[in-house]
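J.: Contents are mmCIF, C-alpha atoms and all ligand atoms; file name work_16.cif:
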```cif
data_input
loop_
_atom_site.label_atom_id
_atom_site.label_comp_id
_atom_site.auth_asym_id
_atom_site.auth_seq_id
_atom_site.Cartn_x
_atom_site.Cartn_y
_atom_site.Cartn_z
CA MET A 10 0.23 14.29 11.40
CA ALA A 11 1.39 17.15 9.18
CA ASP A 12 5.04 16.43 9.93
CA ILE A 13 4.71 12.72 9.12
CA PRO A 14 6.09 11.98 5.63
CA ASP A 15 4.15 9.98 3.04
CA ILE A 16 6.62 7.11 3.37
CA THR A 17 6.89 6.15 7.04
CA ILE A 18 9.08 3.05 6.72
CA GLU A 19 11.95 2.66 4.27
CA VAL A 20 13.95 -0.54 4.43
CA SER A 21 16.88 -0.67 2.07
CA ASN A 22 19.16 -3.63 1.42
CA LEU A 23 18.77 -4.83 4.99
CA VAL A 24 21.02 -7.72 6.05
CA LYS A 25 21.20 -9.46 9.41
CA THR A 26 23.54 -12.36 10.05
CA TYR A 27 23.85 -14.48 13.16
CA GLY A 28 27.29 -16.07 12.78
CA SER A 29 27.15 -17.94 9.50
CA LEU A 30 23.34 -17.75 9.27
CA THR A 31 21.84 -14.99 7.12
CA ALA A 32 18.44 -14.35 8.74
CA VAL A 33 17.63 -11.24 6.65
CA ASN A 34 19.06 -11.14 3.17
CA HIS A 35 19.08 -7.80 1.31
CA LEU A 36 15.50 -6.94 2.17
CA SER A 37 14.04 -3.73 0.71
CA PHE A 38 10.51 -2.36 1.01
CA THR A 39 8.60 0.78 1.92
CA VAL A 40 5.36 1.40 3.80
CA LYS A 41 3.13 4.42 3.22
CA ARG A 42 1.44 6.55 5.84
CA GLY A 43 -1.78 4.90 6.99
CA GLU A 44 -1.11 1.60 5.19
CA ILE A 45 -1.56 -1.82 6.84
CA VAL A 46 1.05 -4.31 5.64
CA GLY A 47 1.19 -8.00 6.49
CA LEU A 48 4.46 -9.86 6.83
CA LEU A 49 4.02 -13.51 5.99
CA GLY A 50 6.58 -16.25 6.03
CA PRO A 51 7.23 -19.76 7.26
CA ASN A 52 9.01 -20.35 10.58
CA GLY A 53 12.51 -18.91 10.53
CA ALA A 54 11.80 -16.70 7.49
CA GLY A 55 13.21 -13.63 9.25
CA LYS A 56 9.99 -11.82 10.21
CA SER A 57 10.74 -11.26 13.89
CA THR A 58 14.34 -10.29 13.13
CA THR A 59 13.14 -7.71 10.59
CA MET A 60 10.58 -6.30 13.03
CA ARG A 61 13.12 -6.07 15.82
CA ILE A 62 15.53 -4.15 13.57
CA LEU A 63 12.71 -1.80 12.53
CA THR A 64 11.95 -1.04 16.16
CA GLY A 65 15.63 -0.39 16.99
CA PHE A 66 15.85 -3.36 19.37
CA LEU A 67 18.37 -5.17 17.19
CA PRO A 68 21.19 -3.67 15.10
CA ALA A 69 21.38 -4.58 11.41
CA THR A 70 24.53 -6.11 9.94
CA SER A 71 24.23 -3.83 6.92
CA GLY A 72 21.66 -1.84 4.98
CA SER A 73 19.42 0.84 6.39
CA VAL A 74 16.02 1.42 7.97
CA ARG A 75 14.42 4.85 8.08
CA ILE A 76 11.37 5.56 10.19
CA CYS A 77 9.59 8.80 9.27
CA GLY A 78 12.69 9.82 7.33
CA LEU A 79 15.16 9.24 10.19
CA PRO A 80 17.78 6.45 10.11
CA VAL A 81 17.13 4.05 13.00
CA ALA A 82 20.85 3.22 13.36
CA SER A 83 21.97 6.80 14.02
CA HIS A 84 18.76 8.10 15.71
CA PRO A 85 17.53 5.18 17.83
CA GLU A 86 15.75 7.27 20.46
CA ALA A 87 14.09 9.67 18.01
CA THR A 88 12.84 6.85 15.79
CA LYS A 89 11.53 4.86 18.78
CA ARG A 90 9.20 7.78 19.50
CA HIS A 91 7.55 7.17 16.13
CA VAL A 92 7.07 3.44 16.73
CA GLY A 93 4.63 1.43 18.84
CA TYR A 94 5.82 -2.16 19.14
CA MET A 95 3.96 -5.22 20.27
CA PRO A 96 6.42 -8.13 20.39
CA GLU A 97 5.42 -11.77 19.99
CA ASN A 98 3.97 -13.10 23.30
CA ASN A 99 4.05 -9.54 24.60
CA PRO A 100 5.33 -9.83 28.19
CA LEU A 101 3.32 -7.79 30.72
CA PRO A 102 4.00 -7.24 34.43
CA ASP A 103 1.55 -9.62 36.15
CA ASP A 104 1.05 -7.55 39.30
CA MET A 105 0.09 -4.20 37.70
CA ARG A 106 -3.43 -3.00 36.95
CA VAL A 107 -4.37 -2.20 33.34
CA SER A 108 -4.64 1.59 33.71
CA GLU A 109 -1.63 1.69 36.03
CA TYR A 110 0.44 -0.12 33.40
CA LEU A 111 -0.68 2.24 30.62
CA TRP A 112 0.12 5.22 32.83
CA PHE A 113 3.59 3.82 33.54
CA ARG A 114 4.25 3.14 29.85
CA GLY A 115 2.93 6.56 28.83
CA ARG A 116 5.25 8.28 31.30
CA LEU A 117 8.17 6.22 29.98
CA LYS A 118 7.24 7.51 26.53
CA GLU A 119 7.42 11.02 28.06
CA MET A 120 3.75 11.76 27.42
CA PRO A 121 2.63 14.84 29.41
CA ARG A 122 0.49 13.87 32.42
CA ALA A 123 -2.52 16.00 31.38
CA LYS A 124 -2.63 14.47 27.91
CA LEU A 125 -1.92 10.95 29.14
CA ARG A 126 -5.01 10.79 31.36
CA SER A 127 -7.43 11.47 28.51
CA ARG A 128 -5.46 9.38 26.04
CA ILE A 129 -5.63 6.34 28.36
CA ASP A 130 -9.43 6.75 28.42
CA GLU A 131 -9.41 6.89 24.62
CA VAL A 132 -7.31 3.76 24.09
CA LEU A 133 -9.27 1.82 26.73
CA GLU A 134 -12.43 2.70 24.81
CA LEU A 135 -10.86 1.87 21.44
CA CYS A 136 -9.55 -1.48 22.68
CA ASP A 137 -12.78 -2.31 24.53
CA LEU A 138 -10.93 -2.50 27.84
CA LYS A 139 -12.87 0.06 29.87
CA ARG A 140 -14.49 -2.47 32.17
CA ASN A 141 -11.08 -4.07 32.75
CA ARG A 142 -9.18 -0.91 33.58
CA HIS A 143 -8.78 -1.76 37.28
CA ARG A 144 -8.05 -5.44 36.78
CA ILE A 145 -4.66 -7.01 37.54
CA LEU A 146 -2.82 -7.88 34.30
CA GLY A 147 -1.83 -11.36 35.52
CA ARG A 148 -5.53 -12.29 35.86
CA LEU A 149 -6.62 -11.17 32.38
CA SER A 150 -7.54 -13.59 29.61
CA LYS A 151 -5.08 -13.98 26.74
CA GLY A 152 -7.34 -11.91 24.46
CA ASN A 153 -7.53 -9.05 26.94
CA LYS A 154 -3.76 -9.17 27.42
CA GLN A 155 -3.28 -8.86 23.66
CA ARG A 156 -5.59 -5.87 23.65
CA VAL A 157 -3.59 -4.27 26.45
CA GLY A 158 -0.50 -4.82 24.24
CA ILE A 159 -2.22 -3.03 21.36
CA ALA A 160 -3.45 -0.25 23.68
CA GLU A 161 0.13 0.28 24.80
CA ALA A 162 1.46 0.26 21.23
CA ILE A 163 -1.00 2.96 20.07
CA LEU A 164 -0.95 4.97 23.32
CA ALA A 165 1.47 7.70 22.23
CA GLU A 166 -0.18 7.87 18.76
CA PRO A 167 2.99 6.84 16.92
CA ALA A 168 3.09 7.01 13.13
CA VAL A 169 4.18 3.37 12.93
CA ILE A 170 2.79 0.31 14.72
CA ILE A 171 4.63 -3.00 14.56
CA MET A 172 2.89 -6.13 15.83
CA ASP A 173 4.48 -9.55 15.87
CA GLU A 174 1.77 -12.26 15.70
CA PRO A 175 -0.88 -10.10 17.42
CA THR A 176 -3.55 -12.82 17.40
CA ILE A 177 -1.45 -15.82 18.34
CA GLY A 178 -3.27 -18.07 20.81
CA LEU A 179 -6.58 -16.18 20.62
CA ASP A 180 -9.97 -17.80 20.11
CA PRO A 181 -11.96 -16.91 16.95
CA HIS A 182 -14.09 -14.35 18.80
CA GLN A 183 -11.04 -12.56 20.20
CA ILE A 184 -9.36 -12.71 16.79
CA ILE A 185 -12.27 -10.79 15.25
CA ILE A 186 -12.06 -8.13 17.96
CA VAL A 187 -8.30 -7.67 17.50
CA ARG A 188 -8.66 -7.75 13.70
CA ASN A 189 -11.28 -4.99 13.81
CA LEU A 190 -9.10 -3.02 16.14
CA ILE A 191 -6.16 -3.21 13.74
CA ALA A 192 -8.43 -2.31 10.80
CA SER A 193 -9.60 0.77 12.73
CA LEU A 194 -6.01 2.11 12.58
CA ARG A 195 -6.11 2.18 8.74
CA GLY A 196 -5.41 5.64 7.37
CA ARG A 197 -4.19 6.93 10.74
CA MET A 198 -1.08 4.86 11.42
CA SER A 199 1.18 2.66 9.33
CA VAL A 200 0.86 -0.85 10.64
CA ILE A 201 3.07 -3.88 10.01
CA ILE A 202 1.74 -7.16 11.36
CA SER A 203 3.22 -10.59 11.08
CA SER A 204 0.90 -13.52 11.24
CA HIS A 205 0.57 -17.16 10.37
CA ILE A 206 -3.20 -16.79 10.17
CA LEU A 207 -3.57 -16.11 6.50
CA PRO A 208 -7.28 -15.25 6.29
CA GLU A 209 -6.61 -12.65 8.93
CA ILE A 210 -3.86 -11.02 6.86
CA GLU A 211 -6.14 -11.16 3.84
CA GLU A 212 -8.98 -9.39 5.64
CA THR A 213 -6.90 -6.80 7.45
CA CYS A 214 -3.99 -5.85 5.20
CA ASP A 215 -3.76 -3.54 2.20
CA ARG A 216 -0.57 -5.22 1.11
CA VAL A 217 1.26 -8.43 1.88
CA LEU A 218 5.00 -9.12 1.84
CA ILE A 219 5.80 -12.82 1.65
CA ILE A 220 9.24 -13.52 3.11
CA ASN A 221 11.24 -16.70 2.80
CA GLY A 222 14.88 -17.21 3.75
CA GLY A 223 15.19 -13.54 4.66
CA ARG A 224 14.10 -12.34 1.20
CA ILE A 225 10.84 -10.99 -0.20
CA VAL A 226 9.55 -13.64 -2.56
CA ALA A 227 6.28 -11.93 -3.49
CA GLN A 228 4.44 -8.75 -2.59
CA GLY A 229 1.26 -6.90 -3.43
CA SER A 230 -2.40 -6.79 -2.46
CA PRO A 231 -3.93 -10.24 -1.97
CA ALA A 232 -5.66 -9.78 -5.36
CA ASP A 233 -2.38 -8.78 -7.09
CA LEU A 234 -0.61 -11.75 -5.55
CA ARG A 235 -3.24 -14.17 -6.79
CA GLN A 236 -2.79 -12.72 -10.25
CA GLU A 237 1.02 -12.78 -10.08
CA ILE A 238 1.33 -16.29 -8.68
CA PHE A 239 -1.56 -17.99 -10.45
CA GLY A 240 -2.10 -15.69 -13.39
CA HIS A 241 -5.72 -16.72 -13.83
CA THR A 242 -9.16 -16.66 -12.27
CA THR A 243 -11.50 -19.61 -12.24
CA TYR A 244 -15.32 -19.71 -12.49
CA ARG A 245 -17.48 -22.74 -11.97
CA ILE A 246 -20.85 -22.77 -13.70
CA GLU A 247 -23.76 -25.16 -14.16
CA LEU A 248 -25.56 -24.74 -17.45
CA ALA A 249 -27.92 -26.61 -19.78
CA GLY A 250 -28.06 -26.37 -23.56
CA ASP A 251 -26.00 -27.38 -26.58
CA THR A 252 -22.39 -26.98 -25.43
CA SER A 253 -20.77 -27.79 -28.81
CA GLY A 254 -20.28 -24.06 -29.41
CA LEU A 255 -19.52 -23.12 -25.81
CA GLY A 256 -15.87 -22.22 -26.48
CA ALA A 257 -16.79 -19.79 -29.25
CA ASP A 258 -19.65 -18.34 -27.21
CA LEU A 259 -17.31 -17.72 -24.27
CA THR A 260 -14.77 -16.00 -26.54
CA ALA A 261 -17.58 -13.75 -27.76
CA ILE A 262 -18.48 -12.90 -24.16
CA ASP A 263 -14.84 -12.14 -23.33
CA PRO A 264 -11.82 -13.08 -25.49
CA THR A 265 -9.85 -14.26 -22.41
CA LEU A 266 -12.46 -16.83 -21.31
CA ARG A 267 -11.91 -20.51 -22.02
CA VAL A 268 -13.30 -23.85 -20.85
CA SER A 269 -10.87 -25.74 -18.64
CA ASN A 270 -13.20 -28.60 -17.77
CA LEU A 271 -16.61 -29.78 -18.93
CA ALA A 272 -18.35 -32.58 -17.01
CA GLU A 273 -20.85 -35.06 -18.42
CA PRO A 274 -24.48 -33.85 -18.33
CA GLY A 275 -26.38 -34.85 -15.18
CA PRO A 276 -29.80 -36.59 -15.28
CA ASP A 277 -31.47 -33.16 -15.35
CA GLY A 278 -29.41 -32.08 -18.38
CA PHE A 279 -27.25 -29.59 -16.50
CA ILE A 280 -23.49 -29.67 -17.05
CA ALA A 281 -20.84 -28.46 -14.59
CA ALA A 282 -18.09 -26.48 -16.33
CA THR A 283 -14.93 -24.82 -15.11
CA LEU A 284 -13.88 -21.66 -16.94
CA MET A 285 -10.57 -19.83 -16.75
CA THR A 286 -9.52 -16.30 -17.60
CA GLU A 287 -6.40 -14.16 -17.34
CA ALA A 288 -8.59 -11.05 -17.11
CA THR A 289 -7.98 -9.00 -13.98
CA SER A 290 -11.54 -7.63 -13.91
CA ASP A 291 -14.49 -9.65 -12.63
CA LEU A 292 -16.33 -11.36 -15.52
CA GLY A 293 -19.22 -12.69 -13.40
CA GLU A 294 -21.74 -10.18 -14.67
CA LYS A 295 -20.71 -10.70 -18.31
CA LEU A 296 -21.26 -14.44 -17.88
CA LEU A 297 -24.61 -13.97 -16.15
CA HIS A 298 -25.90 -11.90 -19.06
CA GLY A 299 -23.93 -13.41 -21.92
CA LEU A 300 -24.72 -17.12 -21.48
CA PRO A 301 -28.56 -16.84 -21.28
CA ALA A 302 -28.42 -14.37 -24.20
CA ARG A 303 -26.80 -17.18 -26.26
CA GLY A 304 -29.50 -19.72 -25.37
CA TYR A 305 -27.98 -21.45 -22.35
CA ARG A 306 -29.88 -22.02 -19.11
CA LEU A 307 -27.60 -20.99 -16.27
CA ARG A 308 -28.31 -22.53 -12.85
CA SER A 309 -25.26 -21.42 -10.87
CA LEU A 310 -22.12 -19.35 -11.18
CA GLY A 311 -19.30 -19.34 -8.66
CA HIS A 312 -16.07 -17.42 -8.57
CA ILE A 313 -13.26 -19.65 -7.32
CA GLN A 314 -10.35 -17.71 -5.93
CA PRO A 315 -7.14 -19.28 -4.72
CA SER A 316 -6.89 -18.47 -1.04
CA LEU A 317 -4.02 -16.43 0.32
CA GLU A 318 -2.83 -19.73 1.76
CA ASP A 319 -2.51 -21.12 -1.79
CA VAL A 320 -0.62 -17.96 -2.79
CA PHE A 321 1.66 -18.22 0.24
CA LEU A 322 2.45 -21.88 -0.39
CA ALA A 323 3.10 -21.31 -4.09
CA ALA A 324 5.29 -18.23 -3.48
CA THR A 325 7.44 -19.91 -0.82
CA ARG A 326 7.70 -23.09 -2.90
CA ARG A 327 8.66 -21.01 -5.92
CA SER A 328 11.49 -19.40 -3.93
CA TRP A 329 12.69 -22.77 -2.64
CA ASP A 330 12.61 -24.20 -6.17
CA ALA A 331 14.61 -21.22 -7.42
CA ARG A 332 17.32 -21.85 -4.84
CA LEU A 333 17.80 -25.56 -5.48
CA PRO A 334 21.42 -25.91 -6.75
CA ASP A 335 20.70 -28.66 -9.29
CA LYS A 336 17.95 -26.67 -10.99
CA LYS A 337 18.44 -24.89 -14.26
CA PRO A 338 18.81 -21.13 -13.81
CA VAL A 339 15.36 -19.66 -13.35
CA VAL A 340 14.30 -17.67 -16.36
CA GLN A 341 12.02 -14.70 -15.84
CA GLY A 342 8.44 -15.76 -16.44
CA ASP A 343 9.39 -19.42 -16.08
CA SER A 344 9.69 -19.34 -12.31
CA ARG A 345 6.18 -20.26 -11.36
CA ALA A 346 5.62 -23.11 -8.98
CA PRO A 347 3.37 -25.90 -10.22
CA LEU A 348 -0.12 -24.57 -9.81
CA PRO A 349 -2.13 -26.01 -6.93
CA LYS A 350 -5.57 -27.18 -8.01
CA VAL A 351 -8.07 -24.41 -7.46
N1 LIG B 1 19.46 -14.46 18.42
C1 LIG B 1 19.62 -15.34 17.44
N2 LIG B 1 20.77 -16.03 17.30
C2 LIG B 1 20.95 -16.90 16.30
N3 LIG B 1 20.02 -17.17 15.35
C3 LIG B 1 18.86 -16.53 15.45
C4 LIG B 1 18.59 -15.57 16.48
N4 LIG B 1 17.33 -15.08 16.31
C5 LIG B 1 16.83 -15.69 15.21
N5 LIG B 1 17.74 -16.55 14.69
C6 LIG B 1 17.59 -17.36 13.48
O1 LIG B 1 17.32 -16.47 12.40
C7 LIG B 1 16.35 -17.01 11.51
C8 LIG B 1 15.18 -16.06 11.40
O2 LIG B 1 14.51 -16.05 12.65
P1 LIG B 1 13.21 -15.16 12.95
O3 LIG B 1 12.83 -15.38 14.37
O4 LIG B 1 13.48 -13.78 12.49
O5 LIG B 1 12.16 -15.82 11.96
P2 LIG B 1 10.58 -15.71 11.96
O6 LIG B 1 10.19 -15.57 10.53
O7 LIG B 1 10.12 -14.65 12.89
O8 LIG B 1 10.15 -17.14 12.50
P3 LIG B 1 8.90 -17.55 13.44
O9 LIG B 1 7.68 -17.41 12.60
O10 LIG B 1 9.21 -18.99 13.75
O11 LIG B 1 8.92 -16.66 14.64
C9 LIG B 1 15.98 -18.38 12.08
O12 LIG B 1 16.77 -19.34 11.41
C10 LIG B 1 16.36 -18.27 13.53
O13 LIG B 1 16.72 -19.55 14.06
#
```
Kindly present the structure from the file in structure tokens form.
Ligand SMILES: Nc1ncnc2c1ncn2[C@@H]1O[C@H](COP(=O)(O)OP(=O)(O)OP(=O)(O)O)[C@@H](O)[C@H]1O
T.:
Amino acid sequence: MADIPDITIEVSNLVKTYGSLTAVNHLSFTVKRGEIVGLLGPNGAGKSTTMRILTGFLPATSGSVRICGLPVASHPEATKRHVGYMPENNPLPDDMRVSEYLWFRGRLKEMPRAKLRSRIDEVLELCDLKRNRHRILGRLSKGNKQRVGIAEAILAEPAVIIMDEPTIGLDPHQIIIVRNLIASLRGRMSVIISSHILPEIEETCDRVLIINGGRIVAQGSPADLRQEIFGHTTYRIELAGDTSGLGADLTAIDPTLRVSNLAEPGPDGFIAATLMTEATSDLGEKLLHGLPARGYRLRSLGHIQPSLEDVFLAATRRSWDARLPDKKPVVQGDSRAPLPKV
């Protein structure tokens, strides 16, 4: 891996038009060596088009893509060697056996025979396919077929793996297996996956790019995105005691804490309260110590995070709002979508 640069994917001002439709609209981003990046977007956002340009299967209208420092447009063959690609609904030849297919694909990738034999054993092990190695592809379950697709993508140990909807149509058990498999590539290969299954992106990816209308509308780690889109964290607590000074007590615990909702006391005297903070650090421990120290009885404390789904919906809605022609120009810092209830 010594010859693999720190930045494995560089996308700069990428544009792809189909006739009058702009599917990818001045997209720019980079991916680091060993990083797992999720591409999220509604249907037609431009995810598959972007992935196909990255893999050299589709020419860009303008802009550039570099894979391991090489421009894809002028070095299509050399860059393909650095990329393992699993397209959406990965088509496999129904009449081949698993190991036969991997052998065939490895030879197409010009892997030396001696190395290929042991590498096939390795990827079969990694993808939990050993007991299926002699089975006919057409008779495999959907989950096993997806794993064969991943095995093929990682076979030649490329620096970059691109997977379009790798868990589409899988049952929850198979999703966990494929998710773990992708996570096992962290640090070794740069991985871009597109998915509609948001919890999966959240669990697997270091960073998320949210795409809408061919543009990036938000990016960052799931935690950064929550902060950027919602700008606050919410805690729900149940406490008993005199709450007339709760606001001041919370400020003493952390100046960013405030009460956003206080319910009526229940028959047992406990009150449910919702607290908000703009702090980026977790204040759970401060609350657990600080409230009893100020005379409150604390029965429960929960940390309510907006899900990545909330972030995704808010980010795409924000971009749609910003593009509406009858809207006032969007001022920086004023572009947030109405906050979903969290
Ligand atoms: N070959 C093509 N010719 C014309 N238009 C196309 C072509 N391929 C894609 N498009 C259009 O480009 C836009 C982006 O499509 P793309 O498949 O990249 O989106 P996507 O984000 O992958 O969507 P999905 O999640 O539904 O697969 C869509 O409006 C689509 O209809």
J.: Can you write out as JSON lines which residues of chain A fall within 9 Å of ligand LIG 1 (chain B), alongside each residue's closest atom pair and its distance in Å to one decimal, counting only C-alpha atoms and all ligand atoms and ordering rows by chain and ascending residue number?
T.:
```
{"residue": "A:Lys25", "atom": "CA", "partner": "B:LIG1", "partner_atom": "O1", "distance": 8.6}
{"residue": "A:Thr26", "atom": "CA", "partner": "B:LIG1", "partner_atom": "O1", "distance": 7.8}
{"residue": "A:Tyr27", "atom": "CA", "partner": "B:LIG1", "partner_atom": "C2", "distance": 4.9}
{"residue": "A:Gly28", "atom": "CA", "partner": "B:LIG1", "partner_atom": "C2", "distance": 7.3}
{"residue": "A:Leu30", "atom": "CA", "partner": "B:LIG1", "partner_atom": "O1", "distance": 6.9}
{"residue": "A:Thr31", "atom": "CA", "partner": "B:LIG1", "partner_atom": "O1", "distance": 7.1}
{"residue": "A:Ala32", "atom": "CA", "partner": "B:LIG1", "partner_atom": "C7", "distance": 4.4}
{"residue": "A:Val33", "atom": "CA", "partner": "B:LIG1", "partner_atom": "C8", "distance": 7.2}
{"residue": "A:Leu48", "atom": "CA", "partner": "B:LIG1", "partner_atom": "O6", "distance": 8.9}
{"residue": "A:Leu49", "atom": "CA", "partner": "B:LIG1", "partner_atom": "O6", "distance": 7.9}
{"residue": "A:Gly50", "atom": "CA", "partner": "B:LIG1", "partner_atom": "O6", "distance": 5.8}
{"residue": "A:Pro51", "atom": "CA", "partner": "B:LIG1", "partner_atom": "O9", "distance": 5.9}
{"residue": "A:Asn52", "atom": "CA", "partner": "B:LIG1", "partner_atom": "O10", "distance": 3.5}
{"residue": "A:Gly53", "atom": "CA", "partner": "B:LIG1", "partner_atom": "O5", "distance": 3.4}
{"residue": "A:Ala54", "atom": "CA", "partner": "B:LIG1", "partner_atom": "O6", "distance": 3.6}
{"residue": "A:Gly55", "atom": "CA", "partner": "B:LIG1", "partner_atom": "O4", "distance": 3.3}
{"residue": "A:Lys56", "atom": "CA", "partner": "B:LIG1", "partner_atom": "O6", "distance": 3.8}
{"residue": "A:Ser57", "atom": "CA", "partner": "B:LIG1", "partner_atom": "O7", "distance": 3.6}
{"residue": "A:Thr58", "atom": "CA", "partner": "B:LIG1", "partner_atom": "O4", "distance": 3.7}
{"residue": "A:Thr59", "atom": "CA", "partner": "B:LIG1", "partner_atom": "O4", "distance": 6.4}
{"residue": "A:Met60", "atom": "CA", "partner": "B:LIG1", "partner_atom": "O4", "distance": 8.0}
{"residue": "A:Arg61", "atom": "CA", "partner": "B:LIG1", "partner_atom": "O4", "distance": 8.4}
{"residue": "A:Glu97", "atom": "CA", "partner": "B:LIG1", "partner_atom": "O11", "distance": 8.0}
{"residue": "A:Asp173", "atom": "CA", "partner": "B:LIG1", "partner_atom": "O7", "distance": 8.2}
{"residue": "A:Glu174", "atom": "CA", "partner": "B:LIG1", "partner_atom": "O9", "distance": 8.4}
{"residue": "A:Ser203", "atom": "CA", "partner": "B:LIG1", "partner_atom": "O7", "distance": 8.2}
{"residue": "A:Ser204", "atom": "CA", "partner": "B:LIG1", "partner_atom": "O9", "distance": 7.9}
{"residue": "A:His205", "atom": "CA", "partner": "B:LIG1", "partner_atom": "O9", "distance": 7.5}
{"residue": "A:Ile220", "atom": "CA", "partner": "B:LIG1", "partner_atom": "O6", "distance": 7.8}
{"residue": "A:Asn221", "atom": "CA", "partner": "B:LIG1", "partner_atom": "O6", "distance": 7.9}
{"residue": "A:Gly222", "atom": "CA", "partner": "B:LIG1", "partner_atom": "C8", "distance": 7.7}
{"residue": "A:Gly223", "atom": "CA", "partner": "B:LIG1", "partner_atom": "C8", "distance": 7.2}
```
J.: With all atoms listed in the file as the basis for distance, which of A:Asn189, A:Pro85, A:Arg224, A:Trp112 is at the shortest distance from Leu36 (chain A)?
T.: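 That would be A:Arg224, the residue with the smallest distance to Leu36 (chain A).
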J.: Let me make sure I understand: among A:Met105, A:Thr213, A:His143, A:Ile225, which one has the smallest atom-to-atom distance to Ser37 (chain A) if we use all atoms listed in the file?
T.: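 Going through A:Met105, A:Thr213, A:His143, A:Ile225 one by one, the smallest distance to Ser37 (chain A) is for A:Ile225.
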J.: Between CA of Glu212 (chain A) and CA of Glu294 (chain A), what is the distance in Å, rounded to a tenth?
T.: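 About the pair CA of Glu212 (chain A) and CA of Glu294 (chain A): they are 24.0 Å apart.
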J.: Can you sort out the box for region 190-206 of chain A, edges along x, y and z, all listed atoms in, 8 Å on every side, with centre and edge lengths in Å to one decimal, as lines of an AutoDock Vina configuration file?
T.:
```
center_x = -3.2
center_y = -5.1
center_z = 11.8
size_x = 28.8
size_y = 40.1
size_z = 24.8
```
J.: Pick out the closest residue to Asn34 (chain A) from this set: A:Ala162, A:Val20, A:Leu101, A:Ala272. Count only C-alpha atoms.
T.: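 Answer, going by the shortest atom-to-atom distance: A:Val20.
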J.: Closest to Thr88 (chain A) among A:Pro167, A:Pro121, A:Pro68, A:Gly275, using only C-alpha atoms?
T.: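 Result for the nearest residue to Thr88 (chain A): A:Pro167.
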J.: What does the structure give for the distance between CA of Thr39 (chain A) and CA of Gly196 (chain A), in Å to one decimal?
T.: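 Rounded to one decimal, the two atoms are 15.8 Å apart.
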J.: Neighbours of Leu300 (chain A) within 12 Å (all atoms listed in the file; same-chain residues fewer than 5 positions away dropped), as JSON, numbers by chain?
T.: {"A": [246, 247, 248, 249, 250, 251, 252, 254, 255, 256, 257, 258, 259, 260, 261, 262, 263, 292, 293, 294, 295, 305, 306, 307, 308, 309, 310]}
J.: By how many Å are CA of Arg326 (chain A) and CA of Glu237 (chain A) apart?
T.: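 Here the two named atoms are 14.2 Å from each other.
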J.: Counting all atoms listed in the file, which residue out of A:Val169, A:Asn98, A:Gln155, A:Glu161 sits closest to Glu131 (chain A)?
T.: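 Smallest separation from Glu131 (chain A) among the options: A:Glu161.
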J.: Can you tell me, as a VMD selection string, what residues are no more than 9 Å from region 184-188 of chain A when counting only C-alpha atoms, ignoring any on the same chain fewer than 2 positions away?
T.: chain A and resid 136 to 137 152 155 to 156 159 175 to 177 179 to 182 190 to 193 209 to 210 212 to 213
J.: I want to know what sits within 7 Å of Leu284 (chain A), based on only C-alpha atoms, with residues of the same chain fewer than 4 positions away left out; could you give that as a list of chain:residue names?
T.: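 Near neighbours after the sequence-gap exclusion: A:Thr243, A:Tyr244, A:Arg245, A:Leu266, A:Arg267, A:Val268, A:Ser269.
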J.: Compare A:Ala232, A:Met95, A:Leu111, A:Ile45 by their minimum atom-to-atom distance to Val132 (chain A), counting all atoms listed in the file, and give me the closest one.
T.: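 Result for the nearest residue to Val132 (chain A): A:Leu111.
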J.: What would the list of residues within 10 Å of (13.8, 5.7, 21.4) (file frame) look like as a list of chain:residue names, if all atoms listed in the file are what count?
T.: A:Thr64, A:Gly65, A:Phe66, A:Val81, A:His84, A:Pro85, A:Glu86, A:Ala87, A:Thr88, A:Lys89, A:Arg90, A:His91, A:Val92, A:Lys118
J.: Working from the structure I just supplied, which lacks atoms in region 67-74 of chain A, can you model N, CA and C atoms there and output them as a compact mmCIF listing (two decimals), in the coordinates of the input?
T.:
```
# COMPACT_ATOMS: atom_id res chain seq x y z
N LEU A 67 17.31 -4.30 17.68
CA LEU A 67 18.37 -5.17 17.19
C LEU A 67 19.13 -4.40 16.11
N PRO A 68 20.47 -4.38 16.17
CA PRO A 68 21.19 -3.67 15.10
C PRO A 68 21.25 -4.52 13.83
N ALA A 69 21.24 -3.86 12.68
CA ALA A 69 21.38 -4.58 11.41
C ALA A 69 22.86 -4.86 11.16
N THR A 70 23.14 -5.87 10.34
CA THR A 70 24.53 -6.11 9.94
C THR A 70 24.91 -5.10 8.86
N SER A 71 24.02 -4.89 7.91
CA SER A 71 24.23 -3.83 6.92
C SER A 71 22.88 -3.42 6.35
N GLY A 72 22.90 -2.37 5.52
CA GLY A 72 21.66 -1.84 4.98
C GLY A 72 21.10 -0.78 5.92
N SER A 73 19.95 -0.23 5.55
CA SER A 73 19.42 0.84 6.39
C SER A 73 17.91 0.75 6.57
N VAL A 74 17.46 1.29 7.70
CA VAL A 74 16.02 1.42 7.97
C VAL A 74 15.78 2.87 8.36
```
